[in-house]
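A short write-up of the structure that comes next.
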Amino acid sequence: MRNEDSKLLESTKLELIKSVRHISDFEGIVREALENKGGELWVELQRTLFHLNNKLMTKGYSLGVGGASEEWKIRDVIEKVEKDILVSYVSPAELTDAEEFVSWLKIKISEHRVNSHPLFSYFDNDDISKEEMRYFLSNYRVNMQRFHLHVAAYSLVVPFEMREELYENLHDEFGEGDFTKAHPNLFEPLMDHFGGALEEDWNPETFNLLNTKMNLCWFADGLAFGLGGMGALELSIPAQQKRILANLRRRGLSEKLVEFFVVHCELDEAHGDGWFAAGIPYLKSVEDFNDTYTGAMRMLEARAGVYDGIMAGIESNRKELEEINASISAVDSELNTAN
Ligand SMILES: [Fe+2]
């Protein structure tokens with residue numbers, strides 16, 4: 001370990017010990033973080049939860065080997081506060097039939113701001129540089145690579161009959177029997193074409209989407225939250241991806257390079273419909289409807305947040321570049337005057 005790394009570790013340990021003094025304030029701190037989306041505390045909270053989630057997905061639950069109960073406690077507090085401050089989504093009282101509710105929910109999904117996010121105008125107007133596309137894809141990839149894990153984890157808590165739809169979805173995710181066409185494998189050549197992914201690209205909003213998927217699909221009780229969240233995500237994907245695909249094609253990229261987006265424009269609407277159709281028999285009460293609605297809106301808001309984060313990143317980079325160019329021109333004109 002380098003000297004400065006070990007110094008950093010020591011000071012981190014000290015900070016950690018000092019923070020224990022305020023452990024009883026943890027719920028209050030989480031509340032402050034979640035009530036100030038985008039603030040410093042919110043950013044750190046998303047990063048920390050992402051770290052715990054990533055550890056869970058790569059190493060397991062740590063049960064019986066220390067640390068597990070603390071992690072559950074942290075998750076429990078965060079989710080409790082998150083639920084406390086969540087806007088309550090209530091479906092119209094006249095909807096008592098599950099099929100009618102799902103038809104109504106699909107309209108709500110299509111009206112969500114994620115579908116008309118201003119980031120897509122950049123793609124429509126060919127106003128996105130190669131580096132900006134790399135940055136977009138790098139953030140996209142964080143969630144794309146792990147999508148199948150949420151389907152798999154969610155499948156553990158749904159009825160046997162419903163798993164048929166989920167495992168068909170997983171079969172598609174894994175290239176319908178051709179592993180070279182598994183979706184994460186299709187994505188890599190495109191990512192490499194634009195220069196590859198860097199960890200420093202990843203925004204807290206990107207982590208928030210992953211954390212939201214984990215909470216809805218791995219940790220929520222019952223099937224309603226995951227059904228709403230994942231169904232909504234799948235239904236709304238093609239409209240967004242069509243605009244990305246059109247941009248990639250206008251850049252002259254080969255059909256092989258853009259295959260990831262072609263496949264998703266074709267598949268995901270059917271996946272979304274399939275998820276909801278498979279879930280309808282288990283939506284039996286108004287409470288189930290409200291939970292499904294809540295899951296859908298919470299997921300779409302987190303997805304829209306990813307686009308907010310990317311757009312803010314693009315805008316701040318452009319501003320920085322403008323300032324650099326302005327100071328270069330100022331120096332140039334000073335030199336010209338001096339000459
Ligand atoms: Fe996929």
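Ordering of the structure tokens sets the chain letters (A, B, ...); residue numbers start at 1 within each chain; ligands are numbered from 1 in the order shown.
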
Practice problem: Could you report the residues within 7 Å of ligand 1, using only C-alpha atoms and all ligand atoms, as a PyMOL selection string? | Solution: chain A and resi 144+173+183+264

Quiz item: Counting only C-alpha atoms, what is within 10 Å of Ala98 in chain A, bar same-chain residues fewer than 2 positions away, as a VMD selection string?
Solution: chain A and resid 95 to 96 100 to 104 276 to 277 279 to 286 288 to 289

Next, write the just-selected residues to a file, as an mmCIF file, in the first residue's frame, keeping C-alpha atoms as the atom set.
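Generated file (out_2.cif):
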```cif
data_model
loop_
_atom_site.group_PDB
_atom_site.id
_atom_site.type_symbol
_atom_site.label_atom_id
_atom_site.label_comp_id
_atom_site.auth_asym_id
_atom_site.auth_seq_id
_atom_site.Cartn_x
_atom_site.Cartn_y
_atom_site.Cartn_z
ATOM 1 C CA LEU A 95 -60.511 0.762 -10.203
ATOM 2 C CA THR A 96 -61.242 -2.556 -8.542
ATOM 3 C CA GLU A 100 -58.435 -2.311 -15.653
ATOM 4 C CA PHE A 101 -55.866 -1.137 -13.112
ATOM 5 C CA VAL A 102 -52.965 -2.340 -15.297
ATOM 6 C CA SER A 103 -54.425 -0.589 -18.376
ATOM 7 C CA TRP A 104 -54.707 2.601 -16.329
ATOM 8 C CA PHE A 276 -47.838 -7.186 -16.165
ATOM 9 C CA ALA A 277 -49.889 -9.993 -17.759
ATOM 10 C CA GLY A 279 -48.611 -10.436 -12.448
ATOM 11 C CA ILE A 280 -52.319 -9.637 -12.934
ATOM 12 C CA PRO A 281 -53.636 -12.820 -11.209
ATOM 13 C CA TYR A 282 -51.765 -11.818 -8.042
ATOM 14 C CA LEU A 283 -53.000 -8.230 -7.811
ATOM 15 C CA LYS A 284 -55.931 -8.852 -5.530
ATOM 16 C CA SER A 285 -56.474 -5.709 -3.490
ATOM 17 C CA VAL A 286 -56.374 -1.945 -3.699
ATOM 18 C CA ASP A 288 -51.613 -4.331 -4.243
ATOM 19 C CA PHE A 289 -52.595 -1.747 -6.892
#
```

Practice problem: Would you please work out which residue, of A:Thr180, A:Ser121, A:Asn3, A:Asn215, is nearest to Ile244 in chain A when using only C-alpha atoms? | Solution: A:Ser121

Practice problem: Mind listing the helix (DSSP H, G or I) residues of range 58-151 of chain A, per DSSP on the backbone, as a PyMOL selection string? | Solution: chain A and resi 58-59+68-85+98-111+113-116+119-124+130-144+147-151

Quiz item: Given the choices A:Val90, A:Glu82, A:Leu63, A:Thr292, which gets closest to Ala33 in chain A if the distance is worked out from only C-alpha atoms?
Solution: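 Closest candidate: A:Glu82.
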
Practice problem: Identify, on the basis of only C-alpha atoms, every residue whose closest approach to range 190-207 of chain A does not exceed 9 Å; exclude the query and any residue fewer than 2 positions from it along the same chain; express the result as a ChimeraX atom specification. | Solution: /A:38,42-47,49-51,130-131,133-143,186-188,209-212,257-260,302-310,313

Could you save the residues just selected, with C-alpha atoms, as a PDB file, in the first residue's frame?
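Below is the file again07.pdb, written as the result:
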```pdb
ATOM      1  CA  GLY A  38     -28.544  15.826  -5.087  1.00  0.00           C
ATOM      2  CA  TRP A  42     -27.525  12.266  -0.613  1.00  0.00           C
ATOM      3  CA  VAL A  43     -24.566  11.679  -2.930  1.00  0.00           C
ATOM      4  CA  GLU A  44     -22.591   9.884  -0.196  1.00  0.00           C
ATOM      5  CA  LEU A  45     -25.613   7.853   0.863  1.00  0.00           C
ATOM      6  CA  GLN A  46     -26.171   6.599  -2.705  1.00  0.00           C
ATOM      7  CA  ARG A  47     -22.473   5.793  -3.068  1.00  0.00           C
ATOM      8  CA  LEU A  49     -25.575   1.911  -0.586  1.00  0.00           C
ATOM      9  CA  PHE A  50     -24.245   1.138  -4.058  1.00  0.00           C
ATOM     10  CA  HIS A  51     -21.073  -0.184  -2.441  1.00  0.00           C
ATOM     11  CA  LYS A 130     -18.135  11.302 -29.049  1.00  0.00           C
ATOM     12  CA  GLU A 131     -16.898  11.872 -25.475  1.00  0.00           C
ATOM     13  CA  MET A 133     -21.732   9.539 -25.861  1.00  0.00           C
ATOM     14  CA  ARG A 134     -18.977   7.589 -24.073  1.00  0.00           C
ATOM     15  CA  TYR A 135     -19.979   9.222 -20.773  1.00  0.00           C
ATOM     16  CA  PHE A 136     -23.668   8.430 -21.409  1.00  0.00           C
ATOM     17  CA  LEU A 137     -22.945   4.784 -22.274  1.00  0.00           C
ATOM     18  CA  SER A 138     -20.623   4.403 -19.280  1.00  0.00           C
ATOM     19  CA  ASN A 139     -23.420   5.444 -16.906  1.00  0.00           C
ATOM     20  CA  TYR A 140     -25.949   3.331 -18.807  1.00  0.00           C
ATOM     21  CA  ARG A 141     -23.692   0.289 -18.534  1.00  0.00           C
ATOM     22  CA  VAL A 142     -23.650   0.294 -14.698  1.00  0.00           C
ATOM     23  CA  ASN A 143     -27.325  -0.687 -14.583  1.00  0.00           C
ATOM     24  CA  LEU A 186     -23.622  -6.939 -27.075  1.00  0.00           C
ATOM     25  CA  PHE A 187     -22.954  -3.702 -25.212  1.00  0.00           C
ATOM     26  CA  GLU A 188     -19.160  -4.030 -24.875  1.00  0.00           C
ATOM     27  CA  LEU A 209     -31.208   3.619  -9.899  1.00  0.00           C
ATOM     28  CA  LEU A 210     -29.270   0.492  -8.976  1.00  0.00           C
ATOM     29  CA  ASN A 211     -30.156   0.990  -5.288  1.00  0.00           C
ATOM     30  CA  THR A 212     -33.820   1.509  -6.193  1.00  0.00           C
ATOM     31  CA  LEU A 257     -22.234  -2.286 -33.225  1.00  0.00           C
ATOM     32  CA  VAL A 258     -25.754  -1.009 -32.517  1.00  0.00           C
ATOM     33  CA  GLU A 259     -27.298  -4.452 -32.015  1.00  0.00           C
ATOM     34  CA  PHE A 260     -27.765  -3.892 -28.258  1.00  0.00           C
ATOM     35  CA  ALA A 302     -34.926   6.911 -10.505  1.00  0.00           C
ATOM     36  CA  ARG A 303     -34.414   6.239 -14.233  1.00  0.00           C
ATOM     37  CA  ALA A 304     -35.258   9.872 -15.065  1.00  0.00           C
ATOM     38  CA  GLY A 305     -32.734  10.829 -12.355  1.00  0.00           C
ATOM     39  CA  VAL A 306     -30.014   8.966 -14.288  1.00  0.00           C
ATOM     40  CA  TYR A 307     -30.782  11.165 -17.304  1.00  0.00           C
ATOM     41  CA  ASP A 308     -30.830  14.295 -15.076  1.00  0.00           C
ATOM     42  CA  GLY A 309     -27.359  13.361 -13.807  1.00  0.00           C
ATOM     43  CA  ILE A 310     -25.948  12.718 -17.276  1.00  0.00           C
ATOM     44  CA  GLY A 313     -22.579  16.273 -16.308  1.00  0.00           C
TER      45      GLY A 313
END
```

Exercise. Calculate how many Å separate CA of Glu301 in chain A from CA of Gly272 in chain A, rounding to one decimal.
Key: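 So the answer is 17.0 Å.
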
Self-check item: CA of Glu71 in chain A to CA of Leu56 in chain A, distance in Å rounded to a single decimal
Solution: 10.2 Å
